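Visitor: What follows is protein16.txt; its format and atoms are compact mmCIF, C-alpha atoms.
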```txt
# COMPACT_ATOMS: atom_id res chain seq x y z
CA MET I 4 -23.19 -14.51 -2.74
CA SER I 5 -24.33 -17.16 -5.18
CA ILE I 6 -27.89 -18.33 -4.73
CA GLY I 7 -27.99 -21.06 -7.30
CA GLY I 8 -24.92 -23.26 -7.22
CA GLN I 9 -25.02 -25.55 -10.24
CA ALA I 10 -28.66 -26.67 -10.06
CA ILE I 11 -29.54 -25.66 -13.61
CA ASP I 12 -32.50 -28.00 -13.90
CA PRO I 13 -34.38 -29.02 -10.75
CA ASP I 14 -35.81 -32.05 -12.55
CA ASP I 15 -32.27 -33.40 -13.09
CA THR I 16 -31.52 -32.80 -9.41
CA PHE I 17 -34.54 -34.56 -7.95
CA GLY I 18 -35.16 -37.20 -10.60
CA PRO I 19 -38.24 -38.49 -12.43
CA ALA I 20 -40.21 -39.21 -9.25
CA ARG I 21 -39.89 -35.61 -8.12
CA THR I 22 -40.96 -34.37 -11.55
CA VAL I 23 -44.11 -36.51 -11.45
CA PHE I 24 -44.88 -35.39 -7.91
CA ARG I 25 -44.45 -31.71 -8.82
CA LYS I 26 -46.77 -32.06 -11.82
CA LEU I 27 -49.38 -33.73 -9.61
CA VAL I 28 -49.18 -30.91 -7.07
CA HIS I 29 -49.58 -28.36 -9.85
CA PHE I 30 -52.56 -30.24 -11.33
CA LEU I 31 -54.36 -30.31 -7.99
CA SER I 32 -53.43 -26.72 -7.12
CA TYR I 33 -54.49 -25.39 -10.49
CA HIS I 34 -57.86 -27.15 -10.68
CA PHE I 35 -58.93 -26.90 -7.04
CA ILE I 36 -57.32 -23.64 -5.87
CA LEU I 37 -56.03 -21.39 -8.67
CA LYS I 38 -58.96 -21.99 -11.03
CA ARG I 39 -61.71 -21.90 -8.42
CA ASN I 40 -64.81 -19.89 -9.38
CA ARG I 41 -65.74 -18.45 -6.00
CA THR I 42 -64.50 -15.73 -3.71
CA THR I 43 -63.09 -16.95 -0.41
CA SER I 44 -61.78 -15.45 2.82
CA ALA I 45 -58.74 -16.28 4.90
CA ARG I 46 -56.75 -15.00 7.82
CA VAL I 47 -52.98 -15.21 7.26
CA ALA I 48 -50.17 -13.44 9.15
CA GLY I 49 -52.71 -11.51 11.16
CA LEU I 50 -54.46 -10.09 8.08
CA HIS I 51 -58.07 -10.66 7.06
CA LEU I 52 -58.01 -11.36 3.33
CA THR I 53 -60.66 -11.67 0.65
CA VAL I 54 -59.41 -13.67 -2.34
CA LEU I 55 -61.20 -13.36 -5.69
CA PRO I 56 -61.19 -16.13 -8.31
CA SER I 57 -57.90 -16.65 -10.26
CA VAL I 58 -55.85 -14.97 -7.50
CA PHE I 59 -52.99 -16.83 -5.76
CA HIS I 60 -54.39 -17.95 -2.39
CA PRO I 61 -52.14 -17.22 0.63
CA LYS I 62 -53.87 -19.75 2.87
CA PHE I 63 -52.94 -22.75 0.74
CA PHE I 64 -49.43 -21.75 -0.35
CA LEU I 65 -46.90 -21.38 2.49
CA THR I 66 -44.71 -18.87 0.68
CA SER I 67 -47.13 -16.01 1.33
CA GLY I 68 -47.27 -16.42 5.09
CA PHE I 69 -43.51 -16.96 5.37
CA PHE I 70 -42.68 -13.80 3.42
CA ALA I 71 -45.42 -11.77 5.16
CA GLU I 72 -44.14 -12.68 8.62
CA PHE I 73 -40.63 -11.65 7.62
CA LEU I 74 -41.80 -8.28 6.34
CA GLN I 75 -43.91 -7.57 9.40
CA THR I 76 -40.84 -7.90 11.61
CA ALA I 77 -38.77 -5.57 9.41
CA ASP I 78 -38.41 -1.85 10.14
CA LEU I 79 -39.80 -0.15 7.04
CA THR I 80 -40.71 3.08 8.83
CA GLY I 81 -41.10 5.90 6.32
CA LYS I 82 -40.02 3.74 3.36
CA THR I 83 -41.59 3.78 -0.08
CA VAL I 84 -42.27 0.21 -1.20
CA VAL I 85 -43.39 -1.47 -4.41
CA GLU I 86 -44.47 -5.09 -4.76
CA VAL I 87 -44.26 -6.77 -8.16
CA GLY I 88 -46.83 -9.56 -8.57
CA THR I 89 -49.00 -8.82 -5.55
CA GLY I 90 -51.69 -11.51 -5.83
CA SER I 91 -53.90 -11.11 -2.75
CA GLY I 92 -51.85 -8.14 -1.56
CA ILE I 93 -50.64 -9.89 1.59
CA LEU I 94 -47.02 -8.77 1.15
CA ALA I 95 -47.92 -5.19 0.31
CA LEU I 96 -50.17 -5.06 3.38
CA SER I 97 -47.40 -6.54 5.52
CA ALA I 98 -44.99 -3.86 4.34
CA ALA I 99 -47.54 -1.23 5.34
CA ARG I 100 -47.87 -2.84 8.76
CA ALA I 101 -44.08 -2.62 9.11
CA GLY I 102 -44.29 1.15 8.82
CA ALA I 103 -43.94 1.90 5.10
CA SER I 104 -45.24 5.35 4.25
CA SER I 105 -46.55 4.21 0.86
CA VAL I 106 -46.85 0.85 -0.87
CA LEU I 107 -47.64 0.33 -4.55
CA ALA I 108 -48.85 -3.18 -5.40
CA LEU I 109 -48.53 -4.28 -9.04
CA ASP I 110 -49.99 -7.26 -10.85
CA ILE I 111 -50.75 -8.22 -14.43
CA ASN I 112 -54.00 -9.90 -13.29
CA PRO I 113 -56.80 -7.29 -12.86
CA ARG I 114 -58.50 -9.58 -10.34
CA ALA I 115 -55.38 -9.39 -8.16
CA VAL I 116 -55.45 -5.60 -8.32
CA GLU I 117 -59.10 -5.60 -7.26
CA THR I 118 -58.35 -8.10 -4.48
CA THR I 119 -55.50 -6.00 -3.11
CA ARG I 120 -57.63 -2.86 -3.05
CA LEU I 121 -60.37 -4.70 -1.16
CA ASN I 122 -57.89 -6.07 1.35
CA ALA I 123 -56.17 -2.72 1.91
CA THR I 124 -59.55 -1.19 2.75
CA GLN I 125 -60.78 -3.93 5.04
CA ASN I 126 -57.47 -4.00 6.96
CA GLY I 127 -57.37 -0.20 7.28
CA LEU I 128 -54.05 0.10 5.45
CA HIS I 129 -54.83 3.09 3.28
CA GLN I 130 -51.19 3.75 2.32
CA VAL I 131 -51.47 0.73 -0.01
CA SER I 132 -52.51 1.37 -3.62
CA ALA I 133 -52.68 -1.12 -6.49
CA ALA I 134 -52.30 -0.92 -10.27
CA GLU I 135 -52.47 -3.33 -13.20
CA SER I 136 -48.97 -3.62 -14.63
CA ASN I 137 -46.67 -6.08 -16.40
CA LEU I 138 -43.69 -5.77 -14.05
CA PHE I 139 -42.99 -1.98 -14.00
CA SER I 140 -44.61 -1.20 -17.37
CA ALA I 141 -47.41 0.98 -15.93
CA VAL I 142 -45.22 2.85 -13.44
CA PRO I 143 -43.91 6.28 -14.51
CA ALA I 144 -40.19 6.16 -15.27
CA SER I 145 -39.45 8.85 -12.69
CA TRP I 146 -40.87 6.84 -9.75
CA THR I 147 -38.28 5.19 -7.52
CA PHE I 148 -38.57 3.19 -4.30
CA ASP I 149 -36.65 2.38 -1.15
CA VAL I 150 -37.78 -1.26 -1.13
CA ILE I 151 -38.89 -3.66 -3.88
CA ILE I 152 -40.51 -6.98 -2.95
CA CYS I 153 -41.36 -9.92 -5.18
CA SER I 154 -42.35 -13.57 -4.87
CA PRO I 155 -42.22 -14.67 -8.53
CA PRO I 156 -43.66 -17.85 -10.06
CA SER I 157 -41.52 -20.82 -9.14
CA PHE I 158 -41.55 -22.61 -12.49
CA SER I 159 -40.82 -22.02 -16.14
CA GLY I 160 -43.33 -23.12 -18.75
CA GLU I 161 -46.24 -21.52 -20.59
CA PRO I 162 -49.09 -20.59 -18.21
CA ARG I 163 -52.52 -21.88 -19.14
CA ASP I 164 -54.31 -18.68 -18.19
CA ALA I 165 -54.16 -15.68 -15.83
CA ALA I 166 -54.51 -17.89 -12.77
CA ASP I 167 -51.63 -20.13 -13.84
CA ARG I 168 -49.28 -17.13 -14.17
CA ALA I 169 -48.86 -17.39 -10.41
CA TRP I 170 -47.24 -20.80 -11.01
CA HIS I 171 -45.53 -20.58 -14.42
CA ALA I 172 -43.41 -17.65 -15.65
CA GLY I 173 -43.20 -18.66 -19.31
CA PRO I 174 -40.48 -20.69 -21.07
CA GLY I 175 -37.08 -19.80 -19.64
CA TYR I 176 -38.84 -17.62 -17.04
CA ARG I 177 -39.64 -15.20 -19.87
CA ASP I 178 -42.23 -13.19 -17.92
CA ILE I 179 -40.03 -12.48 -14.90
CA ALA I 180 -36.54 -12.31 -16.47
CA PRO I 181 -36.64 -8.52 -17.14
CA LEU I 182 -37.52 -7.78 -13.50
CA PHE I 183 -33.99 -7.35 -12.19
CA ASP I 184 -32.81 -4.83 -14.78
CA GLN I 185 -36.02 -2.88 -14.24
CA ALA I 186 -35.61 -3.05 -10.47
CA ALA I 187 -32.07 -1.68 -10.71
CA ASP I 188 -33.47 1.43 -12.41
CA ARG I 189 -36.26 1.85 -9.83
CA LEU I 190 -34.32 1.36 -6.61
CA ARG I 191 -33.17 4.41 -4.70
CA GLU I 192 -29.67 4.81 -3.31
CA ASN I 193 -29.03 2.24 -0.56
CA GLY I 194 -32.32 0.59 -1.38
CA ARG I 195 -33.15 -3.08 -0.91
CA MET I 196 -34.97 -5.72 -2.88
CA TYR I 197 -36.48 -8.77 -1.16
CA LEU I 198 -36.99 -11.86 -3.31
CA LEU I 199 -38.53 -15.23 -2.43
CA LEU I 200 -37.47 -18.29 -4.44
CA SER I 201 -38.20 -22.01 -4.24
CA SER I 202 -35.69 -24.84 -4.24
CA ASP I 203 -37.65 -26.07 -7.28
CA SER I 204 -36.88 -22.89 -9.23
CA ASN I 205 -33.95 -22.59 -11.64
CA LEU I 206 -31.77 -20.91 -9.04
CA ALA I 207 -28.73 -20.72 -11.28
CA LEU I 208 -30.70 -18.74 -13.84
CA PHE I 209 -31.94 -16.33 -11.17
CA ASP I 210 -28.38 -15.99 -9.90
CA SER I 211 -27.26 -14.98 -13.39
CA LEU I 212 -30.08 -12.45 -13.84
CA ILE I 213 -29.39 -10.90 -10.45
CA ALA I 214 -25.66 -10.54 -11.11
CA LYS I 215 -26.23 -9.16 -14.62
CA ALA I 216 -28.43 -6.41 -13.16
CA GLY I 217 -25.62 -5.39 -10.79
CA PHE I 218 -27.01 -6.84 -7.57
CA ARG I 219 -25.43 -8.95 -4.86
CA SER I 220 -27.71 -11.32 -2.95
CA ALA I 221 -27.65 -12.56 0.64
CA ARG I 222 -29.99 -15.17 2.06
CA VAL I 223 -31.85 -13.74 5.05
CA ALA I 224 -34.39 -16.49 5.85
CA THR I 225 -35.22 -20.11 4.95
CA ARG I 226 -38.33 -22.21 5.41
CA SER I 227 -38.22 -25.93 4.66
CA ILE I 228 -41.00 -28.44 4.26
CA TRP I 229 -40.81 -32.11 3.35
CA VAL I 230 -40.75 -31.63 -0.43
CA GLU I 231 -39.43 -28.11 -0.88
CA ALA I 232 -37.46 -25.24 0.65
CA PHE I 233 -38.15 -21.53 0.34
CA TYR I 234 -35.31 -19.02 0.33
CA LEU I 235 -35.71 -15.33 1.06
CA TYR I 236 -32.96 -13.07 -0.29
CA GLU I 237 -31.99 -9.46 0.21
CA LEU I 238 -30.55 -7.86 -2.93
CA ARG I 239 -28.35 -4.76 -2.85
CA ARG I 240 -26.41 -3.05 -5.59
CA GLU I 241 -22.95 -4.56 -5.95
CA SER I 242 -21.34 -1.09 -5.97
CA GLU I 243 -23.00 -0.12 -2.68
CA VAL I 244 -21.96 -3.37 -1.02
CA ALA I 245 -18.35 -2.77 -2.15
CA GLN I 246 -18.40 0.78 -0.78
CA ALA I 247 -19.76 -0.43 2.55
CA ASN I 248 -17.03 -3.08 2.81
CA VAL I 249 -14.32 -0.50 2.15
CA ALA I 250 -15.76 1.85 4.78
```
Would you kindly transcribe this structure into structure tokens?
Guide:
Amino acid sequence: MSIGGQAIDPDDTFGPARTVFRKLVHFLSYHFILKRNRTTSARVAGLHLTVLPSVFHPKFFLTSGFFAEFLQTADLTGKTVVEVGTGSGILALSAARAGASSVLALDINPRAVETTRLNATQNGLHQVSAAESNLFSAVPASWTFDVIICSPPSFSGEPRDAADRAWHAGPGYRDIAPLFDQAADRLRENGRMYLLLSSDSNLALFDSLIAKAGFRSARVATRSIWVEAFYLYELRRESEVAQANVA
């Protein structure tokens, strides 16, 4: 299933006014939320979360709660799960709540790793561990998982700092582009990957990366707000989908 259609450049789709609005939202989010210098607390999706400075804040960005609620209603009993780009750890904790036997939370930001460890402890979800890693770089090659989850940065462009990496994934989505090939190597037989994208992302590019890695995507949930929509996809290996259809 195609996830992107022909929307190569969201700015062309929504016009100059949308581009200006998006830059304003980023400016405010970056300076007043992402770059804040104090630790805060929040309760989202039934989890009590401590959020250290420079870590993506789940209270102010709706994607976190949307994805967390989806995961908490899934049956992940006995599954091994890895989250790439964990931020506050809310998705990793939600996977644990859904019954996962072990959850590894990865992030390139050491503050996010520290935040996730704190939140796992204070929510009593001791099957969650966290490690500093650029995608799967710090994970032993022999480790595989039943479920991979990721809510990547929505926009291309060079991030200003560690905090801004939650918003910008580098020119041409440089920092996230290798994810899908790496995920294909780490996913166990009949495994699943869950991916959250924004209508403002370059969906056609993601569609190409997903197909190149040998996955087929299916949209499993949508959340719309006035200025944006969020799409949650389940990715499965193309070969396994074909075998299931034949059977």
Visitor: Hey, which bits of range 44-145 of chain I sit within 8 Å of range 177-194 of chain I, and for each residue what's the closest pair of atoms and how far apart in Å (one decimal), counting all atoms listed in the file, rows by chain and increasing number, as a tab-separated table?
Guide:
```
residue	atom	partner	partner_atom	distance
I:Leu138	CA	I:Leu182	CA	6.5
I:Phe139	CA	I:Gln185	CA	7.0
I:Ala144	CA	I:Arg189	CA	8.0
```
Visitor: When you draw a straight line from CA of Arg219 in chain I to CA of Ser242 in chain I, how long is it in Å?
Guide: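 Computed distance, CA of Arg219 in chain I to CA of Ser242 in chain I, equals 8.9 Å.
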Visitor: Here is a test: counting all atoms listed in the file, which residue of I:Gly102, I:His60, I:Asp167, I:Gly88 is nearest to Gln75 in chain I?
Guide: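 Using all atoms listed in the file, Gln75 in chain I sits closest to I:Gly102.
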Visitor: Do a neighbour search on Gly90 in chain I at 9 Å with all atoms listed in the file, toss out local chain neighbours closer than 6 positions, and write the hits as a ChimeraX atom specification.
Guide: /I:54,58-61,108-110,112,114-116,118-119,169
Visitor: Quick one: axis-aligned box around all listed atoms of range 203-221 of chain I, 8 Å on every side, centre and edge lengths in Å to one decimal, written as JSON.
Guide:
```
{"center_x": -31.5, "center_y": -15.7, "center_z": -7.0, "size_x": 28.2, "size_y": 36.7, "size_z": 31.3}
```
Visitor: Any idea what's packed within 7 Å of Trp170 in chain I, counting only C-alpha atoms, ignoring anything in its chain fewer than 3 positions away? Could you give it as a list of chain:residue names?
Guide: I:Pro156, I:Ser157, I:Phe158, I:Asp167
Visitor: Name the residues within 7 Å of (-61.3, -15.9, -6.5), counting all atoms listed in the file in the file's coordinates, and put them as a list in words.
Guide: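 Taken together, the residues in range are Arg39, Asn40, Arg41, Thr42, Thr43, Val54, Leu55, Pro56, Ser57 and Val58 of chain I.
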Visitor: For Phe70 in chain I, which of I:Ala165, I:Leu121, I:Val223, I:Val84 is the closest residue, counting all atoms listed in the file?
Guide: I:Val223
Visitor: For CA of Gly68 in chain I and CA of Thr89 in chain I, determine how far apart the two atoms are, in Å to one decimal place.
Guide: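 Distance between the two atoms: 13.2 Å.
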Visitor: Just give me the gap between CA of Ile93 in chain I and CA of Asn205 in chain I in Å, one decimal is fine.
Guide: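 The value is 24.8 Å.
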Visitor: With all atoms listed in the file as the atoms that count, which of I:Ala77, I:Ser104, I:Gly92, I:Pro162 lies nearest to Asn122 in chain I?
Guide: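 Ranking I:Ala77, I:Ser104, I:Gly92, I:Pro162 by distance to Asn122 in chain I, first place goes to I:Gly92.
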Visitor: Can you rebuild range 96-126 of chain I with N, CA and C atoms and give it as a PDB file, in the coordinates of the input?
Guide:
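Result written to rebuild.pdb:
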```pdb
ATOM      1  N   LEU I  96     -49.550  -5.414   2.111  1.00  0.00           N
ATOM      2  CA  LEU I  96     -50.170  -5.060   3.380  1.00  0.00           C
ATOM      3  C   LEU I  96     -49.200  -5.253   4.543  1.00  0.00           C
ATOM      4  N   SER I  97     -48.391  -6.292   4.472  1.00  0.00           N
ATOM      5  CA  SER I  97     -47.400  -6.540   5.520  1.00  0.00           C
ATOM      6  C   SER I  97     -46.344  -5.451   5.559  1.00  0.00           C
ATOM      7  N   ALA I  98     -45.941  -4.965   4.384  1.00  0.00           N
ATOM      8  CA  ALA I  98     -44.990  -3.860   4.340  1.00  0.00           C
ATOM      9  C   ALA I  98     -45.587  -2.606   4.967  1.00  0.00           C
ATOM     10  N   ALA I  99     -46.865  -2.372   4.726  1.00  0.00           N
ATOM     11  CA  ALA I  99     -47.540  -1.230   5.340  1.00  0.00           C
ATOM     12  C   ALA I  99     -47.585  -1.387   6.859  1.00  0.00           C
ATOM     13  N   ARG I 100     -47.856  -2.582   7.315  1.00  0.00           N
ATOM     14  CA  ARG I 100     -47.870  -2.840   8.760  1.00  0.00           C
ATOM     15  C   ARG I 100     -46.496  -2.615   9.392  1.00  0.00           C
ATOM     16  N   ALA I 101     -45.449  -2.802   8.605  1.00  0.00           N
ATOM     17  CA  ALA I 101     -44.080  -2.620   9.110  1.00  0.00           C
ATOM     18  C   ALA I 101     -43.653  -1.155   9.092  1.00  0.00           C
ATOM     19  N   GLY I 102     -44.570  -0.268   8.713  1.00  0.00           N
ATOM     20  CA  GLY I 102     -44.290   1.150   8.820  1.00  0.00           C
ATOM     21  C   GLY I 102     -44.064   1.897   7.528  1.00  0.00           C
ATOM     22  N   ALA I 103     -44.171   1.219   6.377  1.00  0.00           N
ATOM     23  CA  ALA I 103     -43.940   1.900   5.100  1.00  0.00           C
ATOM     24  C   ALA I 103     -44.906   3.068   4.939  1.00  0.00           C
ATOM     25  N   SER I 104     -44.402   4.173   4.425  1.00  0.00           N
ATOM     26  CA  SER I 104     -45.240   5.350   4.250  1.00  0.00           C
ATOM     27  C   SER I 104     -46.162   5.214   3.042  1.00  0.00           C
ATOM     28  N   SER I 105     -45.718   4.488   2.020  1.00  0.00           N
ATOM     29  CA  SER I 105     -46.550   4.210   0.860  1.00  0.00           C
ATOM     30  C   SER I 105     -46.132   2.881   0.259  1.00  0.00           C
ATOM     31  N   VAL I 106     -47.113   2.143  -0.245  1.00  0.00           N
ATOM     32  CA  VAL I 106     -46.850   0.850  -0.870  1.00  0.00           C
ATOM     33  C   VAL I 106     -47.660   0.779  -2.162  1.00  0.00           C
ATOM     34  N   LEU I 107     -46.985   0.521  -3.261  1.00  0.00           N
ATOM     35  CA  LEU I 107     -47.640   0.330  -4.550  1.00  0.00           C
ATOM     36  C   LEU I 107     -47.587  -1.145  -4.888  1.00  0.00           C
ATOM     37  N   ALA I 108     -48.758  -1.748  -5.090  1.00  0.00           N
ATOM     38  CA  ALA I 108     -48.850  -3.180  -5.400  1.00  0.00           C
ATOM     39  C   ALA I 108     -49.190  -3.348  -6.876  1.00  0.00           C
ATOM     40  N   LEU I 109     -48.370  -4.098  -7.599  1.00  0.00           N
ATOM     41  CA  LEU I 109     -48.530  -4.280  -9.040  1.00  0.00           C
ATOM     42  C   LEU I 109     -48.866  -5.723  -9.372  1.00  0.00           C
ATOM     43  N   ASP I 110     -49.720  -5.908 -10.369  1.00  0.00           N
ATOM     44  CA  ASP I 110     -49.990  -7.260 -10.850  1.00  0.00           C
ATOM     45  C   ASP I 110     -50.565  -7.175 -12.251  1.00  0.00           C
ATOM     46  N   ILE I 111     -50.243  -8.172 -13.070  1.00  0.00           N
ATOM     47  CA  ILE I 111     -50.750  -8.220 -14.430  1.00  0.00           C
ATOM     48  C   ILE I 111     -52.198  -8.719 -14.469  1.00  0.00           C
ATOM     49  N   ASN I 112     -52.646  -9.347 -13.395  1.00  0.00           N
ATOM     50  CA  ASN I 112     -54.000  -9.900 -13.290  1.00  0.00           C
ATOM     51  C   ASN I 112     -54.930  -8.843 -12.672  1.00  0.00           C
ATOM     52  N   PRO I 113     -55.912  -8.327 -13.424  1.00  0.00           N
ATOM     53  CA  PRO I 113     -56.800  -7.290 -12.860  1.00  0.00           C
ATOM     54  C   PRO I 113     -57.564  -7.758 -11.635  1.00  0.00           C
ATOM     55  N   ARG I 114     -57.834  -9.064 -11.534  1.00  0.00           N
ATOM     56  CA  ARG I 114     -58.500  -9.580 -10.340  1.00  0.00           C
ATOM     57  C   ARG I 114     -57.614  -9.432  -9.107  1.00  0.00           C
ATOM     58  N   ALA I 115     -56.306  -9.574  -9.281  1.00  0.00           N
ATOM     59  CA  ALA I 115     -55.380  -9.390  -8.160  1.00  0.00           C
ATOM     60  C   ALA I 115     -55.359  -7.938  -7.714  1.00  0.00           C
ATOM     61  N   VAL I 116     -55.412  -7.027  -8.662  1.00  0.00           N
ATOM     62  CA  VAL I 116     -55.450  -5.600  -8.320  1.00  0.00           C
ATOM     63  C   VAL I 116     -56.708  -5.293  -7.522  1.00  0.00           C
ATOM     64  N   GLU I 117     -57.842  -5.804  -7.976  1.00  0.00           N
ATOM     65  CA  GLU I 117     -59.100  -5.600  -7.260  1.00  0.00           C
ATOM     66  C   GLU I 117     -59.046  -6.220  -5.865  1.00  0.00           C
ATOM     67  N   THR I 118     -58.478  -7.416  -5.770  1.00  0.00           N
ATOM     68  CA  THR I 118     -58.350  -8.100  -4.480  1.00  0.00           C
ATOM     69  C   THR I 118     -57.511  -7.290  -3.506  1.00  0.00           C
ATOM     70  N   THR I 119     -56.393  -6.778  -3.980  1.00  0.00           N
ATOM     71  CA  THR I 119     -55.500  -6.000  -3.110  1.00  0.00           C
ATOM     72  C   THR I 119     -56.181  -4.733  -2.616  1.00  0.00           C
ATOM     73  N   ARG I 120     -56.912  -4.064  -3.476  1.00  0.00           N
ATOM     74  CA  ARG I 120     -57.630  -2.860  -3.050  1.00  0.00           C
ATOM     75  C   ARG I 120     -58.669  -3.184  -1.979  1.00  0.00           C
ATOM     76  N   LEU I 121     -59.389  -4.280  -2.164  1.00  0.00           N
ATOM     77  CA  LEU I 121     -60.370  -4.700  -1.160  1.00  0.00           C
ATOM     78  C   LEU I 121     -59.680  -4.972   0.182  1.00  0.00           C
ATOM     79  N   ASN I 122     -58.572  -5.680   0.120  1.00  0.00           N
ATOM     80  CA  ASN I 122     -57.890  -6.070   1.350  1.00  0.00           C
ATOM     81  C   ASN I 122     -57.225  -4.891   2.053  1.00  0.00           C
ATOM     82  N   ALA I 123     -56.739  -3.927   1.295  1.00  0.00           N
ATOM     83  CA  ALA I 123     -56.170  -2.720   1.910  1.00  0.00           C
ATOM     84  C   ALA I 123     -57.256  -1.977   2.684  1.00  0.00           C
ATOM     85  N   THR I 124     -58.441  -1.894   2.091  1.00  0.00           N
ATOM     86  CA  THR I 124     -59.550  -1.190   2.750  1.00  0.00           C
ATOM     87  C   THR I 124     -60.013  -1.916   3.996  1.00  0.00           C
ATOM     88  N   GLN I 125     -60.213  -3.225   3.901  1.00  0.00           N
ATOM     89  CA  GLN I 125     -60.780  -3.930   5.040  1.00  0.00           C
ATOM     90  C   GLN I 125     -59.778  -4.137   6.176  1.00  0.00           C
ATOM     91  N   ASN I 126     -58.480  -3.944   5.904  1.00  0.00           N
ATOM     92  CA  ASN I 126     -57.470  -4.000   6.960  1.00  0.00           C
ATOM     93  C   ASN I 126     -57.042  -2.605   7.421  1.00  0.00           C
TER      94      ASN I 126
END
```
